[in-house]
Each structure stands twice: as C-alpha cells, then as structure tokens.
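Reviewing the structure listed below.
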Amino acid sequence: MVIIMGLRKQLENRIFDMEKVARAFDIEPFDIYFLGGAACILGQYTERATRDFDFMDLNYPSGLGRVFVQLRDFDMLEYESTIVSPKYKKRAIKSDKFEYLNVYLLSPEDIIVSKIIRLEQKDIEDIDKLMETADKELVNQIIEEVLSRNDLYESKRDLFIKKLQQFKEKYNV
C-alpha cells in the first residue's frame, strides 16, 4: 500500500510537471484522458504498479510535445485503434488534483472494456480488481457501444470480438 501511494505520488508529480511546462510556455490548458494502469493508480481503482501513461490522442498540436515529454514513458492512443466507447468522455472522471490541465480518468467500466482486447495476465489482474465494484450492466452497455463503432480498425474489432467470449465467460457478464 505504501509503495502504491509513493507510485501514485510519482505519477501525480509528472502531471504537475506537465502543468508547470504548459504554464511556462503559455500553452492554453487542454484536456487529457488517461486510461490503462496509470489511470487505475491515479483513480485508486487498483494497486498494480505501473509507470507508463496511456492517454487518448485528441489531435493535439505538435507544440504540446514539450508538455507530454514530462510523462517520460507514455503512449498516445489513436481513437480508431483503441477499444473505447464513443461516449467515454461522458463517463470520465475529472481529477481535482490538478489546477491547470483538465485531467480526466476513464471510468473503471471503460477501462475494463479497453482491456478485453489483450487479456494478458496483468490485464486479467486489473480486470479482476475492477470488476469487484464495476457496474456489469454498464460494462455490457460499453461493449455494445464499442461494437457499434464504424471507425474502429477491422483488425482491432476482430480481436476484440475474439477475446470478448472469453471475457464474458470468465466474468459472467
């Protein structure tokens, strides 16, 4: 628990550094939507250690690179290749820790669905923990929203559908 608190503090400090750089270069505040392990740690959804940040690419201008580099290890995920619902922003939770940037964490249910495509051991561990408090009806709704997307890469859709059966059987969803 102490290790995770220290890790959460480290992740928060990287975002605070982003805010400092954005202010120093007179960059207007912008939205950022985190998912994956960092969102789980920042939102206190799970306690698995991770140091990388995954966030949605909102077609950021190239000038924000000097801000994003503060995260050190990150993946900017393009919408068309990421298993997220078109409604993920509506459910995202705005962090009140940050004063300059608009930092959002995807909901636990959206994170669960985003992890179905891989179902590797670390993803299963995260999903196990997230499912303890998740709204299963909402998880199913998000799955349907993802399946209704016309802009998802076909290869990603196919892999998601392939893993979906395994997910539904394991979690009785």
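Labels for the structure tokens follow display order: chains A, B, ..., residues from 1 in each chain, ligands from 1.
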key: Spatial neighbours of Lys122 in chain A, max dist 10 Å, only C-alpha atoms, sep filter under 6 positions, as a list in words   =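 After dropping sequence-adjacent residues, the list is Gly37, Arg48, Lys115 and Asp128 of chain A.
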message = At a cut-off of 12 Å, using only C-alpha atoms, what residues contact Ala38 in chain A? Leave out same-chain residues fewer than 3 positions from it and give the result as JSON, numbers by chain.
response = {"A": [4, 7, 8, 9, 10, 11, 12, 14, 15, 33, 34, 35, 41, 42, 43, 44, 45, 46, 47, 48, 49, 50, 51, 52, 53, 54, 55, 71, 73, 74, 75, 104, 105, 106, 111, 126]}
message = For Ile112 in chain A, find every residue with an atom within 9 Å (counting only C-alpha atoms), except residues of its own chain fewer than 6 positions away, and show them as a list in words.
response = Gly36, Asp123, Asp126, Ile127, Leu130, Met131, Ala134 and Val139 of chain A
Go ahead and write the residues just picked, all heavy atoms, as a short mmCIF file (atom, residue, chain, number, x, y, z; two decimals), in the first residue's frame.
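That gives us again_32.cif:
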```cif
data_model
loop_
_atom_site.label_atom_id
_atom_site.label_comp_id
_atom_site.auth_asym_id
_atom_site.auth_seq_id
_atom_site.Cartn_x
_atom_site.Cartn_y
_atom_site.Cartn_z
N GLY A 36 -5.84 2.84 -18.81
CA GLY A 36 -4.78 1.88 -18.51
C GLY A 36 -4.34 1.94 -17.05
O GLY A 36 -5.03 2.47 -16.18
N ASP A 123 -3.53 -7.68 -17.40
CA ASP A 123 -4.86 -7.14 -17.70
C ASP A 123 -5.93 -7.88 -16.91
O ASP A 123 -6.86 -7.27 -16.37
CB ASP A 123 -5.17 -7.23 -19.20
CG ASP A 123 -4.16 -6.47 -20.03
OD1 ASP A 123 -4.03 -5.25 -19.82
OD2 ASP A 123 -3.49 -7.10 -20.88
N ASP A 126 -5.91 -6.69 -13.38
CA ASP A 126 -6.59 -5.40 -13.28
C ASP A 126 -8.10 -5.57 -13.38
O ASP A 126 -8.86 -5.00 -12.59
CB ASP A 126 -6.13 -4.45 -14.39
CG ASP A 126 -4.72 -3.91 -14.17
OD1 ASP A 126 -4.20 -4.02 -13.04
OD2 ASP A 126 -4.15 -3.38 -15.15
N ILE A 127 -8.54 -6.35 -14.35
CA ILE A 127 -9.98 -6.55 -14.54
C ILE A 127 -10.59 -7.22 -13.32
O ILE A 127 -11.68 -6.83 -12.87
CB ILE A 127 -10.26 -7.36 -15.83
CG1 ILE A 127 -9.88 -6.53 -17.07
CG2 ILE A 127 -11.74 -7.77 -15.91
CD1 ILE A 127 -9.92 -7.31 -18.38
N LEU A 130 -11.03 -4.50 -10.81
CA LEU A 130 -12.03 -3.51 -11.24
C LEU A 130 -13.44 -4.09 -11.21
O LEU A 130 -14.40 -3.38 -10.90
CB LEU A 130 -11.70 -3.01 -12.65
CG LEU A 130 -10.44 -2.15 -12.77
CD1 LEU A 130 -10.05 -1.99 -14.23
CD2 LEU A 130 -10.62 -0.81 -12.11
N MET A 131 -13.58 -5.37 -11.53
CA MET A 131 -14.91 -6.00 -11.56
C MET A 131 -15.55 -6.12 -10.17
O MET A 131 -16.76 -6.25 -10.07
CB MET A 131 -14.84 -7.38 -12.23
CG MET A 131 -14.64 -7.33 -13.74
SD MET A 131 -15.98 -6.53 -14.64
CE MET A 131 -17.26 -7.78 -14.55
N ALA A 134 -17.41 -2.85 -10.24
CA ALA A 134 -17.95 -2.36 -11.52
C ALA A 134 -19.44 -2.63 -11.66
O ALA A 134 -19.97 -3.59 -11.10
CB ALA A 134 -17.20 -3.02 -12.68
N VAL A 139 -20.87 -2.16 -18.06
CA VAL A 139 -19.83 -2.84 -18.85
C VAL A 139 -20.44 -3.37 -20.14
O VAL A 139 -19.89 -3.18 -21.24
CB VAL A 139 -19.14 -3.96 -18.04
CG1 VAL A 139 -18.26 -4.82 -18.93
CG2 VAL A 139 -18.34 -3.38 -16.88
#
```
key: Residue nearest Pro61 in chain A among A:Val103, A:Ile124, A:Pro86, A:Ile27 (counting only C-alpha atoms)   =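 Once distances to Pro61 in chain A are computed over only C-alpha atoms, the minimum belongs to A:Ile27.
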inquiry  = Give me, as a ChimeraX atom specification, all polymer residues having an atom no more than 9 Å from Phe167 in chain A, counting only C-alpha atoms and skipping those fewer than 6 positions away in the same chain.
reply    = /A:116,119,173
task = Check the DSSP output for the backbone and give back, as an MDAnalysis selection string, the residues of range 38-159 of chain A in helix (DSSP H, G or I).
result = chainID A and resid 38:42 62:71 79:81 88:91 108:115 121:131 136:147 154:159
inquiry  = Env of Pro29 in chain A: 7 Å cut, atoms = only C-alpha atoms, seq-sep filter 2 positions within chain, self excluded. Answer as a list of chain:residue names.
reply    = A:Ile27, A:Tyr100, A:Leu101, A:Asn102
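CA of Gln70 in chain A sits 9.8 Å away from CA of Lys20 in chain A.
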message = Between A:Glu99, A:Glu169, A:Asp158, A:Glu132, which residue has the minimum interatomic distance to Val146 in chain A, considering only C-alpha atoms?
response = A:Asp158
request  = Just the strand (DSSP E or B) stuff from chain A, please, per backbone DSSP, written as a PyMOL selection string.
outcome  = chain A and resi 31-35+53-56+74-77+93-94+102-105
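When only C-alpha atoms are used to measure the gap to Met18 in chain A, the shortest distance among A:Ile142, A:Ile117, A:Val69, A:Ile83 belongs to A:Val69.
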inquiry  = Applying 8 Å and only C-alpha atoms, which residues near Glu78 in chain A remain after dropping the ones on its own chain fewer than 4 positions away? List them as number ranges by chain.
reply    = A: 56-58, 82
Go ahead and save the residues from that selection, with N, CA, C and O atoms, as a PDB file, in the first residue's frame.
```pdb
ATOM      1  N   MET A  56      -5.637   9.178 -24.573  1.00  0.00           N
ATOM      2  CA  MET A  56      -6.253   9.281 -25.890  1.00  0.00           C
ATOM      3  C   MET A  56      -5.668  10.459 -26.655  1.00  0.00           C
ATOM      4  O   MET A  56      -5.495  11.547 -26.093  1.00  0.00           O
ATOM      5  N   ASP A  57      -5.380  10.245 -27.922  1.00  0.00           N
ATOM      6  CA  ASP A  57      -4.911  11.316 -28.795  1.00  0.00           C
ATOM      7  C   ASP A  57      -6.120  12.138 -29.224  1.00  0.00           C
ATOM      8  O   ASP A  57      -7.008  11.637 -29.910  1.00  0.00           O
ATOM      9  N   LEU A  58      -6.157  13.361 -28.799  1.00  0.00           N
ATOM     10  CA  LEU A  58      -7.259  14.265 -29.147  1.00  0.00           C
ATOM     11  C   LEU A  58      -6.832  15.218 -30.262  1.00  0.00           C
ATOM     12  O   LEU A  58      -7.248  16.366 -30.306  1.00  0.00           O
ATOM     13  N   THR A  82      -8.192   2.073 -30.701  1.00  0.00           N
ATOM     14  CA  THR A  82      -8.339   1.848 -29.261  1.00  0.00           C
ATOM     15  C   THR A  82      -9.765   1.411 -28.945  1.00  0.00           C
ATOM     16  O   THR A  82     -10.730   1.992 -29.445  1.00  0.00           O
TER      17      THR A  82
END
```
request  = One decimal, Å: what's the distance from CA of Ser114 in chain A over to CA of Gly6 in chain A, could you say?
outcome  =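 It comes out at 25.9 Å.
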key: Separation of CA of Ile93 in chain A from CA of Gln165 in chain A in Å   = 28.5 Å
